[in-house]
$ cat target-v6.cif   # mmCIF, C-alpha atoms
data_data
#
loop_
_atom_site.label_atom_id
_atom_site.label_comp_id
_atom_site.auth_asym_id
_atom_site.auth_seq_id
_atom_site.Cartn_x
_atom_site.Cartn_y
_atom_site.Cartn_z
CA MET A 1 125.43 215.06 203.96
CA ILE A 2 124.00 212.33 201.73
CA LYS A 3 122.98 213.40 198.23
CA SER A 4 120.52 211.02 196.61
CA LEU A 5 118.80 210.66 193.25
CA ILE A 6 115.32 209.14 193.55
CA ILE A 7 113.66 207.46 190.55
CA ASN A 8 109.94 206.62 190.59
CA PRO A 9 108.73 205.29 187.21
CA GLY A 10 105.05 205.37 186.29
CA SER A 11 103.29 204.10 183.19
CA THR A 12 103.60 207.41 181.30
CA SER A 13 106.08 209.35 183.44
CA THR A 14 109.28 209.11 185.45
CA LYS A 15 109.31 211.16 188.66
CA LEU A 16 112.73 212.28 189.85
CA GLY A 17 113.84 213.78 193.15
CA ILE A 18 117.20 215.15 194.22
CA PHE A 19 117.70 215.16 198.00
CA GLU A 20 120.39 216.31 200.38
CA ASP A 21 119.65 214.17 203.42
CA GLU A 22 115.85 214.64 203.82
CA ASN A 23 115.75 218.01 202.09
CA LEU A 24 114.25 218.07 198.60
CA ILE A 25 116.49 220.14 196.34
CA SER A 26 114.75 219.50 193.04
CA GLU A 27 111.77 217.54 191.75
CA GLU A 28 110.74 216.84 188.18
CA THR A 29 108.24 214.66 186.31
CA LEU A 30 109.50 213.51 182.92
CA ARG A 31 106.46 212.84 180.71
CA HIS A 32 106.34 210.05 178.11
CA THR A 33 103.84 210.17 175.26
CA THR A 34 101.66 207.22 174.34
CA GLU A 35 103.54 207.02 171.03
CA GLU A 36 106.92 206.87 172.79
CA ILE A 37 105.79 204.08 175.11
CA ALA A 38 104.00 202.15 172.34
CA GLN A 39 107.26 201.47 170.50
CA PHE A 40 108.34 199.09 173.27
CA GLU A 41 106.90 195.59 173.40
CA LYS A 42 107.68 195.04 177.09
CA ILE A 43 108.08 197.46 179.97
CA VAL A 44 111.67 196.32 180.54
CA ASP A 45 112.49 197.39 176.98
CA GLN A 46 112.04 201.01 178.10
CA VAL A 47 115.16 201.03 180.31
CA ASP A 48 117.60 202.69 177.89
CA PHE A 49 114.97 205.19 176.73
CA ARG A 50 114.17 206.30 180.30
CA LYS A 51 117.80 206.26 181.41
CA GLU A 52 118.77 208.61 178.60
CA MET A 53 115.96 211.00 179.56
CA ILE A 54 117.11 210.99 183.20
CA LEU A 55 120.74 211.68 182.34
CA ASN A 56 119.76 214.43 179.87
CA PHE A 57 117.58 216.06 182.51
CA LEU A 58 120.43 216.04 185.04
CA ALA A 59 122.82 217.49 182.48
CA ASP A 60 120.36 220.26 181.62
CA LYS A 61 120.04 221.05 185.34
CA GLY A 62 123.82 221.26 185.64
CA GLU A 63 123.86 218.33 188.07
CA ASP A 64 127.10 216.36 188.10
CA ILE A 65 126.05 212.71 188.10
CA LYS A 66 129.16 211.88 190.14
CA SER A 67 127.96 214.14 192.96
CA PHE A 68 125.37 211.59 194.09
CA ASN A 69 126.12 209.27 197.00
CA VAL A 70 123.27 206.86 196.33
CA ILE A 71 120.61 206.10 193.71
CA VAL A 72 117.20 204.85 194.86
CA GLY A 73 114.47 203.29 192.70
CA ARG A 74 110.81 202.54 193.36
CA GLY A 75 110.38 198.87 194.19
CA GLY A 76 108.58 196.69 191.67
CA LEU A 77 106.48 193.54 191.59
CA LEU A 78 108.96 191.09 193.07
CA LYS A 79 108.35 187.93 195.06
CA PRO A 80 106.86 188.61 198.53
CA ILE A 81 109.52 190.07 200.86
CA PRO A 82 109.71 191.59 204.35
CA SER A 83 109.73 195.36 204.71
CA GLY A 84 112.99 197.23 204.38
CA THR A 85 115.58 198.87 202.16
CA TYR A 86 117.07 196.39 199.70
CA THR A 87 120.39 196.49 197.89
CA VAL A 88 119.75 196.15 194.17
CA THR A 89 121.50 192.86 193.39
CA ASP A 90 121.79 190.88 190.18
CA LYS A 91 119.11 188.46 191.47
CA LEU A 92 116.73 191.34 192.18
CA ILE A 93 117.37 192.76 188.69
CA GLU A 94 116.76 189.35 187.12
CA ASP A 95 113.34 189.04 188.78
CA LEU A 96 112.40 192.60 187.82
CA LYS A 97 113.34 191.95 184.20
CA ASN A 98 111.43 188.66 184.18
CA ALA A 99 108.41 190.33 185.83
CA VAL A 100 108.01 187.50 188.37
CA GLY A 101 105.18 189.38 190.07
CA GLY A 102 103.69 190.88 186.91
CA GLU A 103 104.36 193.65 184.42
CA HIS A 104 104.39 197.13 185.96
CA ALA A 105 106.31 200.33 185.30
CA SER A 106 107.64 200.31 188.88
CA ASN A 107 109.75 197.29 187.86
CA LEU A 108 112.00 199.77 186.06
CA GLY A 109 112.93 201.58 189.29
CA GLY A 110 115.55 199.16 190.56
CA ILE A 111 116.93 198.51 187.08
CA LEU A 112 117.43 202.23 186.38
CA ALA A 113 118.88 202.86 189.84
CA LYS A 114 121.50 200.13 189.53
CA GLY A 115 122.36 201.06 185.95
CA ILE A 116 123.21 204.64 186.93
CA ALA A 117 124.74 203.79 190.31
CA ASP A 118 127.13 201.19 188.90
CA GLU A 119 128.49 203.73 186.41
CA ILE A 120 129.51 206.12 189.20
CA GLY A 121 130.44 203.51 191.82
CA VAL A 122 127.77 204.18 194.45
CA PRO A 123 125.14 201.90 196.04
CA SER A 124 121.62 201.48 194.69
CA TYR A 125 118.52 200.53 196.67
CA ILE A 126 114.79 199.95 196.48
CA VAL A 127 112.50 200.57 199.47
CA ASP A 128 109.30 198.82 200.60
CA PRO A 129 107.78 197.68 197.29
CA VAL A 130 104.05 196.86 197.09
CA VAL A 131 104.81 193.15 197.61
CA VAL A 132 106.02 193.62 201.19
CA ASP A 133 104.61 190.62 203.06
CA GLU A 134 104.71 190.38 206.86
CA LEU A 135 101.38 188.63 207.36
CA GLU A 136 100.91 186.28 210.26
CA PRO A 137 100.12 182.69 209.16
CA VAL A 138 96.59 183.00 210.59
CA ALA A 139 95.95 186.00 208.33
CA ARG A 140 96.66 184.05 205.14
CA LEU A 141 93.63 181.76 205.28
CA SER A 142 90.71 182.90 203.15
CA GLY A 143 88.31 179.98 203.49
CA VAL A 144 89.33 178.52 200.12
CA PRO A 145 92.73 176.75 200.25
CA GLU A 146 93.42 177.51 196.58
CA LEU A 147 92.88 181.24 197.22
CA PRO A 148 95.17 182.34 200.08
CA ARG A 149 95.08 185.98 201.14
CA VAL A 150 98.08 187.87 199.80
CA SER A 151 99.79 191.11 200.78
CA VAL A 152 99.69 193.75 198.04
CA PHE A 153 99.30 197.29 199.32
CA HIS A 154 100.79 200.78 199.75
CA ALA A 155 103.72 199.49 201.79
CA LEU A 156 106.07 202.43 201.08
CA ASN A 157 103.70 205.09 202.37
CA GLN A 158 102.27 202.95 205.20
CA LYS A 159 105.75 202.32 206.61
CA ALA A 160 106.86 205.92 206.04
CA VAL A 161 103.97 207.53 207.94
CA ALA A 162 104.13 204.93 210.72
CA LYS A 163 107.82 205.70 211.27
CA ARG A 164 107.13 209.42 210.98
CA TYR A 165 104.53 209.20 213.74
CA ALA A 166 106.91 207.21 215.93
CA LYS A 167 109.70 209.75 215.42
CA GLU A 168 107.42 212.73 216.11
CA THR A 169 106.20 211.17 219.37
CA GLY A 170 109.67 210.08 220.50
CA LYS A 171 108.80 206.38 220.43
CA ALA A 172 110.18 203.36 218.63
CA TYR A 173 108.07 202.16 215.69
CA GLU A 174 108.65 198.62 216.94
CA ASP A 175 106.98 199.47 220.29
CA LEU A 176 103.76 200.84 218.81
CA ASN A 177 100.46 199.25 217.77
CA LEU A 178 99.16 201.28 214.84
CA ILE A 179 96.37 201.08 212.29
CA VAL A 180 97.41 202.85 209.09
CA VAL A 181 94.86 203.71 206.41
CA HIS A 182 96.07 204.66 202.93
CA MET A 183 93.32 206.20 200.80
CA GLY A 184 94.11 206.83 197.15
CA GLY A 185 93.12 205.14 193.90
CA GLY A 186 92.99 202.06 196.11
CA VAL A 187 92.52 201.70 199.86
CA SER A 188 94.67 199.63 202.19
CA VAL A 189 94.19 199.32 205.95
CA GLY A 190 97.06 197.69 207.84
CA ALA A 191 97.70 196.52 211.41
CA HIS A 192 101.24 197.40 212.55
CA THR A 193 102.74 195.72 215.62
CA ASN A 194 106.30 194.94 216.69
CA GLY A 195 107.55 196.74 213.58
CA ARG A 196 105.58 194.49 211.20
CA ILE A 197 102.35 194.80 209.24
CA VAL A 198 100.78 191.56 210.39
CA ASP A 199 97.54 191.93 208.46
CA VAL A 200 96.35 194.23 205.68
CA PHE A 201 93.42 194.52 203.30
CA ASN A 202 94.72 193.85 199.79
CA ALA A 203 94.54 197.20 197.99
CA LEU A 204 94.52 195.76 194.49
CA SER A 205 92.46 192.67 193.95
CA GLY A 206 89.34 192.62 196.02
CA GLU A 207 89.35 193.13 199.78
CA GLY A 208 87.99 195.72 202.14
CA ALA A 209 86.46 199.07 201.28
CA PHE A 210 85.71 200.20 197.77
CA SER A 211 87.80 203.11 196.53
CA PRO A 212 87.73 205.65 193.68
CA GLU A 213 88.72 202.94 191.16
CA ARG A 214 88.36 199.54 192.88
CA ALA A 215 85.38 197.54 193.93
CA GLY A 216 86.86 196.13 197.12
CA ALA A 217 85.08 193.13 198.62
CA VAL A 218 81.98 192.10 196.65
CA PRO A 219 79.43 189.27 197.26
CA PRO A 220 81.38 186.22 195.98
CA ALA A 221 78.47 184.03 194.82
CA ALA A 222 76.94 186.92 192.88
CA LEU A 223 80.33 187.61 191.31
CA VAL A 224 80.59 183.97 190.21
CA ASP A 225 77.15 184.22 188.60
CA MET A 226 78.20 187.40 186.80
CA CYS A 227 81.39 185.72 185.54
CA PHE A 228 79.42 182.83 184.01
CA SER A 229 76.46 184.86 182.76
CA GLY A 230 77.95 185.12 179.28
CA LYS A 231 77.50 188.88 179.32
CA TYR A 232 81.11 189.76 180.09
CA THR A 233 84.61 188.72 179.06
CA GLN A 234 87.25 187.96 181.69
CA ALA A 235 88.89 191.31 180.95
CA GLU A 236 85.59 193.16 181.38
CA ILE A 237 84.97 191.53 184.75
CA LYS A 238 88.46 192.46 185.95
CA LYS A 239 87.93 196.03 184.79
CA LYS A 240 84.71 196.18 186.83
CA LEU A 241 86.71 195.21 189.91
CA ILE A 242 89.96 197.10 189.25
CA GLY A 243 89.72 200.38 187.39
CA ASN A 244 85.99 200.88 186.91
CA GLY A 245 84.86 199.90 190.41
CA GLY A 246 83.98 202.06 193.41
CA TYR A 247 83.39 205.76 192.72
CA ASN A 248 83.81 205.14 188.98
CA ALA A 249 81.06 202.51 188.96
CA TYR A 250 78.55 204.50 190.96
CA LEU A 251 79.23 208.05 189.81
CA GLY A 252 81.39 207.88 186.70
CA THR A 253 84.35 209.67 188.28
CA ASN A 254 87.41 208.71 190.32
CA ASN A 255 87.88 212.24 191.65
CA ALA A 256 87.28 212.15 195.40
CA GLN A 257 86.95 215.92 195.67
CA GLU A 258 84.31 215.94 192.94
CA VAL A 259 82.38 213.20 194.73
CA TYR A 260 82.37 215.27 197.92
CA LYS A 261 81.16 218.39 196.09
CA ARG A 262 78.39 216.43 194.40
CA SER A 263 77.39 214.87 197.72
CA LEU A 264 76.36 218.32 199.01
CA THR A 265 73.50 218.56 196.52
CA ASP A 266 72.98 215.04 195.10
CA ASP A 267 71.49 212.23 197.21
CA ASP A 268 73.13 209.44 195.17
CA ALA A 269 76.57 211.00 195.53
CA LYS A 270 75.92 211.60 199.24
CA LEU A 271 75.14 207.90 199.74
CA VAL A 272 78.34 206.81 197.93
CA PHE A 273 80.40 209.35 199.88
CA GLU A 274 79.00 208.14 203.20
CA ALA A 275 79.37 204.48 202.20
CA PHE A 276 83.08 205.01 201.54
CA ILE A 277 83.56 206.44 205.03
CA TYR A 278 81.43 203.62 206.48
CA GLN A 279 83.44 200.87 204.76
CA VAL A 280 86.86 202.31 205.62
CA SER A 281 85.74 202.64 209.24
CA LYS A 282 84.63 198.98 209.26
CA ASP A 283 88.09 197.97 208.03
CA ILE A 284 89.68 199.95 210.85
CA GLY A 285 87.42 198.14 213.32
CA ALA A 286 88.52 194.79 211.90
CA MET A 287 92.20 195.68 212.32
CA SER A 288 91.57 196.78 215.89
CA ALA A 289 90.44 193.21 216.55
CA VAL A 290 93.68 191.94 214.97
CA LEU A 291 95.54 194.06 217.56
CA LYS A 292 93.22 192.81 220.34
CA GLY A 293 91.96 196.34 220.95
CA LYS A 294 95.40 197.61 221.96
CA VAL A 295 95.79 200.44 219.45
CA ASP A 296 98.06 203.39 220.17
CA GLN A 297 97.08 205.47 217.14
CA ILE A 298 95.10 205.38 213.91
CA ILE A 299 96.83 207.13 211.00
CA LEU A 300 94.99 208.36 207.90
CA THR A 301 97.08 209.06 204.81
CA GLY A 302 96.98 209.15 201.01
CA GLY A 303 95.50 211.71 198.64
CA ILE A 304 91.92 211.38 199.91
CA ALA A 305 93.14 212.29 203.42
CA HIS A 306 93.38 215.90 202.17
CA GLY A 307 89.57 215.99 202.44
CA GLU A 308 88.51 217.00 205.93
CA ALA A 309 84.96 215.80 205.36
CA VAL A 310 86.32 212.27 204.85
CA THR A 311 88.81 212.29 207.72
CA ASN A 312 86.30 213.88 210.11
CA GLY A 313 83.69 211.30 209.10
CA ILE A 314 86.10 208.46 209.82
CA LYS A 315 87.19 210.03 213.10
CA GLU A 316 83.58 210.22 214.24
CA ARG A 317 83.24 206.45 213.79
CA VAL A 318 86.61 205.18 215.07
CA GLU A 319 88.01 207.58 217.69
CA PHE A 320 86.53 205.33 220.38
CA ILE A 321 89.24 202.83 219.36
CA ALA A 322 92.24 205.21 219.46
CA PRO A 323 93.22 208.81 218.64
CA VAL A 324 93.51 209.67 214.95
CA THR A 325 96.42 211.42 213.21
CA VAL A 326 96.15 212.64 209.61
CA TYR A 327 99.14 212.79 207.26
CA PRO A 328 97.54 213.75 203.93
CA GLY A 329 99.12 212.81 200.61
CA GLU A 330 101.85 210.34 199.85
CA ASP A 331 105.37 211.65 199.49
CA GLU A 332 106.90 208.64 197.77
CA LEU A 333 110.09 210.44 196.75
CA LEU A 334 110.81 211.45 200.36
CA ALA A 335 109.93 207.97 201.64
CA LEU A 336 112.40 206.42 199.20
CA ALA A 337 115.08 208.94 200.19
CA GLN A 338 114.49 208.25 203.89
CA GLY A 339 114.77 204.49 203.36
CA ALA A 340 118.19 204.86 201.77
CA LEU A 341 119.26 207.45 204.33
CA ARG A 342 118.56 205.09 207.23
CA VAL A 343 120.96 202.59 205.67
CA MET A 344 123.61 205.16 204.71
CA ASN A 345 123.56 206.59 208.26
CA GLY A 346 123.80 203.16 209.87
CA GLU A 347 120.33 203.21 211.43
CA GLU A 348 119.31 200.07 209.50
CA GLU A 349 121.09 197.36 207.57
CA ALA A 350 120.33 196.96 203.90
CA LYS A 351 118.56 193.71 203.16
CA ILE A 352 119.40 191.26 200.40
CA TYR A 353 116.64 189.96 198.15
#
$ encode --input "target-v6.cif" --output "structure tokens"
Amino acid sequence: MIKSLIINPGSTSTKLGIFEDENLISEETLRHTTEEIAQFEKIVDQVDFRKEMILNFLADKGEDIKSFNVIVGRGGLLKPIPSGTYTVTDKLIEDLKNAVGGEHASNLGGILAKGIADEIGVPSYIVDPVVVDELEPVARLSGVPELPRVSVFHALNQKAVAKRYAKETGKAYEDLNLIVVHMGGGVSVGAHTNGRIVDVFNALSGEGAFSPERAGAVPPAALVDMCFSGKYTQAEIKKKLIGNGGYNAYLGTNNAQEVYKRSLTDDDAKLVFEAFIYQVSKDIGAMSAVLKGKVDQIILTGGIAHGEAVTNGIKERVEFIAPVTVYPGEDELLALAQGALRVMNGEEEAKIY
């Protein structure tokens, strides 16, 4: 039996999971107030503060820190890397501390994992960070050489549900052609083949379907005109695209369930609700072309996949391509535990950053 401690830092919380193999023994979200976070100039400065909270929580639970076989952290904004479970090395820590891919609370995951693991003499890992990049060269061209397409998406959950489907059907992930759709605060639609995600709509900075908080693809010339209109600052434009886009822009809420309820009686909400389904379905169609029409399964996941009205609406449009499986939610703690477990059990080799 492998006992693991999973650490998933967010901007105002640190989610913890204690697993024995794939079985969740305990889960806790440690909350951090705005005042507590505000005392730190940089995200990396929070390491000691969060580490102390984690160790105090374990002590209060009566958990012997030395009972863990492995410590796993959420992957941060590193340089682009292939999918996999990565040993937390000094080089990886250096790039997390220097925020080579940008400042984000997830950068603390690997740092906290290694800090605790080194004290008790066990390995530490990160698994499938958002910068996983397995794009084919042909997928990188955008039409503007200075603006190549980049891979930033829900890699952890996309890989986890793809491997889950393969395991449940008794097939090898590497032998399947899958389209995986993650629907949460952002939306990413990826084409999986030969064990790689060869193309994906960037979930963060402006591709594909709009989402509860993001604008997705917008008319580029009109966006340029808006940028130079003098009406908005650079920060305000970015907020329109990331944060205040999508559902927020049209309906003033990022709550997908609320949008659905409003759509039953409000024509404007109904149009936005149907447009979301329409755009996600178009993205699935695009990825089916990437796979040359040879699609074994379409998988819908993420928090919005809890809504049957959404998943049924997408099914109605795309089931002609392939059957659809729904795995609602995103169990990041379990996905991180499974990534480490595959290495600890010898199913995969840990990669080096």
$ residues_around --input "target-v6.cif" --residues "Arg74 of chain A" --least-positions-apart "4" --cutoff "6 Å" --atoms "all atoms listed in the file" --output "list in words"
Asn8, Ser106, Gly109 and Ile126 of chain A
$ resolve_selection --input "target-v6.cif" --expression "the PyMOL selection byres ((chain A and resi 11-19) around 10)" --output "VMD selection string"
chain A and resid 1 to 10 20 to 34 36 to 37 43 50 to 51 53 to 54 57 to 58 63 68 71 to 74 104 to 106 108 to 109 332 to 334 336 to 338
$ write_last_selection --input "target-v6.cif" --atoms "C-alpha atoms" --output "tab-separated table (two decimals), keeping the file's coordinate frame"
chain	number	residue	atom	x	y	z
A	1	MET	CA	125.43	215.06	203.96
A	2	ILE	CA	124.00	212.33	201.73
A	3	LYS	CA	122.98	213.40	198.23
A	4	SER	CA	120.52	211.02	196.61
A	5	LEU	CA	118.80	210.66	193.25
A	6	ILE	CA	115.32	209.14	193.55
A	7	ILE	CA	113.66	207.46	190.55
A	8	ASN	CA	109.94	206.62	190.59
A	9	PRO	CA	108.73	205.29	187.21
A	10	GLY	CA	105.05	205.37	186.29
A	20	GLU	CA	120.39	216.31	200.38
A	21	ASP	CA	119.65	214.17	203.42
A	22	GLU	CA	115.85	214.64	203.82
A	23	ASN	CA	115.75	218.01	202.09
A	24	LEU	CA	114.25	218.07	198.60
A	25	ILE	CA	116.49	220.14	196.34
A	26	SER	CA	114.75	219.50	193.04
A	27	GLU	CA	111.77	217.54	191.75
A	28	GLU	CA	110.74	216.84	188.18
A	29	THR	CA	108.24	214.66	186.31
A	30	LEU	CA	109.50	213.51	182.92
A	31	ARG	CA	106.46	212.84	180.71
A	32	HIS	CA	106.34	210.05	178.11
A	33	THR	CA	103.84	210.17	175.26
A	34	THR	CA	101.66	207.22	174.34
A	36	GLU	CA	106.92	206.87	172.79
A	37	ILE	CA	105.79	204.08	175.11
A	43	ILE	CA	108.08	197.46	179.97
A	50	ARG	CA	114.17	206.30	180.30
A	51	LYS	CA	117.80	206.26	181.41
A	53	MET	CA	115.96	211.00	179.56
A	54	ILE	CA	117.11	210.99	183.20
A	57	PHE	CA	117.58	216.06	182.51
A	58	LEU	CA	120.43	216.04	185.04
A	63	GLU	CA	123.86	218.33	188.07
A	68	PHE	CA	125.37	211.59	194.09
A	71	ILE	CA	120.61	206.10	193.71
A	72	VAL	CA	117.20	204.85	194.86
A	73	GLY	CA	114.47	203.29	192.70
A	74	ARG	CA	110.81	202.54	193.36
A	104	HIS	CA	104.39	197.13	185.96
A	105	ALA	CA	106.31	200.33	185.30
A	106	SER	CA	107.64	200.31	188.88
A	108	LEU	CA	112.00	199.77	186.06
A	109	GLY	CA	112.93	201.58	189.29
A	332	GLU	CA	106.90	208.64	197.77
A	333	LEU	CA	110.09	210.44	196.75
A	334	LEU	CA	110.81	211.45	200.36
A	336	LEU	CA	112.40	206.42	199.20
A	337	ALA	CA	115.08	208.94	200.19
A	338	GLN	CA	114.49	208.25	203.89
$ residues_around --input "target-v6.cif" --residues "Val130 of chain A" --least-positions-apart "6" --cutoff "10 Å" --atoms "all atoms listed in the file" --output "list in words"
Arg74, Gly75, Gly76, Leu77, Leu78, Pro80, Ile81, Ser83, Ser106, Ser151, Val152, Phe153, His154, Ala155, Leu156, Asn157, Ala203 and Leu204 of chain A
$ residues_around --input "target-v6.cif" --residues "Ala275 of chain A" --least-positions-apart "4" --cutoff "9 Å" --atoms "all atoms listed in the file" --output "list in words"
Ala209, Phe210, Lys270, Leu271, Gln279 and Val280 of chain A
$ closest_residue --input "target-v6.cif" --among "A:Asn255, A:Thr85, A:Ser67, A:Asn56" --to "Arg342 of chain A" --atoms "all atoms listed in the file"
A:Thr85
$ resolve_selection --input "target-v6.cif" --expression "the PyMOL selection byres ((chain A and resi 216-225) around 9)" --output "ChimeraX atom specification"
/A:186-187,202-211,214-215,226-229,237,241-242,245-246
$ resolve_selection --input "target-v6.cif" --expression "the PyMOL selection byres ((chain A and resi 277) around 10)" --output "PyMOL selection string"
chain A and resi 209-210+272-276+278-282+309-317
$ decode --input "target-v6.cif" --residues "segment 1-50 of chain A" --atoms "C-alpha atoms" --output "PDB file, in the first residue's frame"
ATOM      1  CA  MET A   1       0.000   0.000   0.000  1.00  0.00           C
ATOM      2  CA  ILE A   2       1.237   3.459  -0.983  1.00  0.00           C
ATOM      3  CA  LYS A   3       0.264   6.300   1.346  1.00  0.00           C
ATOM      4  CA  SER A   4       0.437   9.703  -0.297  1.00  0.00           C
ATOM      5  CA  LEU A   5      -0.032  13.317   0.726  1.00  0.00           C
ATOM      6  CA  ILE A   6      -1.442  15.468  -2.088  1.00  0.00           C
ATOM      7  CA  ILE A   7      -1.001  19.255  -2.062  1.00  0.00           C
ATOM      8  CA  ASN A   8      -3.014  21.479  -4.417  1.00  0.00           C
ATOM      9  CA  PRO A   9      -2.459  25.197  -3.717  1.00  0.00           C
ATOM     10  CA  GLY A  10      -4.955  27.800  -4.902  1.00  0.00           C
ATOM     11  CA  SER A  11      -4.857  31.568  -4.609  1.00  0.00           C
ATOM     12  CA  THR A  12      -6.698  31.649  -1.254  1.00  0.00           C
ATOM     13  CA  SER A  13      -6.632  28.001  -0.186  1.00  0.00           C
ATOM     14  CA  THR A  14      -4.506  24.863  -0.019  1.00  0.00           C
ATOM     15  CA  LYS A  15      -6.370  21.628  -0.749  1.00  0.00           C
ATOM     16  CA  LEU A  16      -4.935  18.511   0.869  1.00  0.00           C
ATOM     17  CA  GLY A  17      -5.677  14.846   0.267  1.00  0.00           C
ATOM     18  CA  ILE A  18      -4.439  11.764   2.084  1.00  0.00           C
ATOM     19  CA  PHE A  19      -4.631   8.592  -0.012  1.00  0.00           C
ATOM     20  CA  GLU A  20      -3.886   4.927   0.521  1.00  0.00           C
ATOM     21  CA  ASP A  21      -3.330   3.757  -3.041  1.00  0.00           C
ATOM     22  CA  GLU A  22      -6.372   5.265  -4.860  1.00  0.00           C
ATOM     23  CA  ASN A  23      -8.562   5.412  -1.768  1.00  0.00           C
ATOM     24  CA  LEU A  24      -9.167   8.866  -0.295  1.00  0.00           C
ATOM     25  CA  ILE A  25      -8.734   8.677   3.475  1.00  0.00           C
ATOM     26  CA  SER A  26      -9.035  12.364   4.283  1.00  0.00           C
ATOM     27  CA  GLU A  27      -9.564  15.627   2.429  1.00  0.00           C
ATOM     28  CA  GLU A  28      -9.298  19.173   3.721  1.00  0.00           C
ATOM     29  CA  THR A  29      -9.246  22.714   2.335  1.00  0.00           C
ATOM     30  CA  LEU A  30      -7.086  25.095   4.350  1.00  0.00           C
ATOM     31  CA  ARG A  31      -8.424  28.628   3.830  1.00  0.00           C
ATOM     32  CA  HIS A  32      -6.187  31.714   3.685  1.00  0.00           C
ATOM     33  CA  THR A  33      -7.626  35.166   4.306  1.00  0.00           C
ATOM     34  CA  THR A  34      -6.949  38.097   2.014  1.00  0.00           C
ATOM     35  CA  GLU A  35      -5.024  39.733   4.865  1.00  0.00           C
ATOM     36  CA  GLU A  36      -2.803  36.671   5.332  1.00  0.00           C
ATOM     37  CA  ILE A  37      -1.967  36.499   1.632  1.00  0.00           C
ATOM     38  CA  ALA A  38      -1.476  40.269   1.303  1.00  0.00           C
ATOM     39  CA  GLN A  39       1.540  40.233   3.624  1.00  0.00           C
ATOM     40  CA  PHE A  40       3.580  38.405   0.973  1.00  0.00           C
ATOM     41  CA  GLU A  41       5.008  40.340  -1.955  1.00  0.00           C
ATOM     42  CA  LYS A  42       5.421  37.293  -4.200  1.00  0.00           C
ATOM     43  CA  ILE A  43       3.606  33.977  -4.319  1.00  0.00           C
ATOM     44  CA  VAL A  44       6.827  32.075  -3.613  1.00  0.00           C
ATOM     45  CA  ASP A  45       7.145  34.004  -0.341  1.00  0.00           C
ATOM     46  CA  GLN A  46       4.138  32.047   0.956  1.00  0.00           C
ATOM     47  CA  VAL A  47       5.992  28.714   1.113  1.00  0.00           C
ATOM     48  CA  ASP A  48       6.875  28.690   4.828  1.00  0.00           C
ATOM     49  CA  PHE A  49       3.439  30.044   5.788  1.00  0.00           C
ATOM     50  CA  ARG A  50       1.608  27.308   3.860  1.00  0.00           C
TER      51      ARG A  50
END
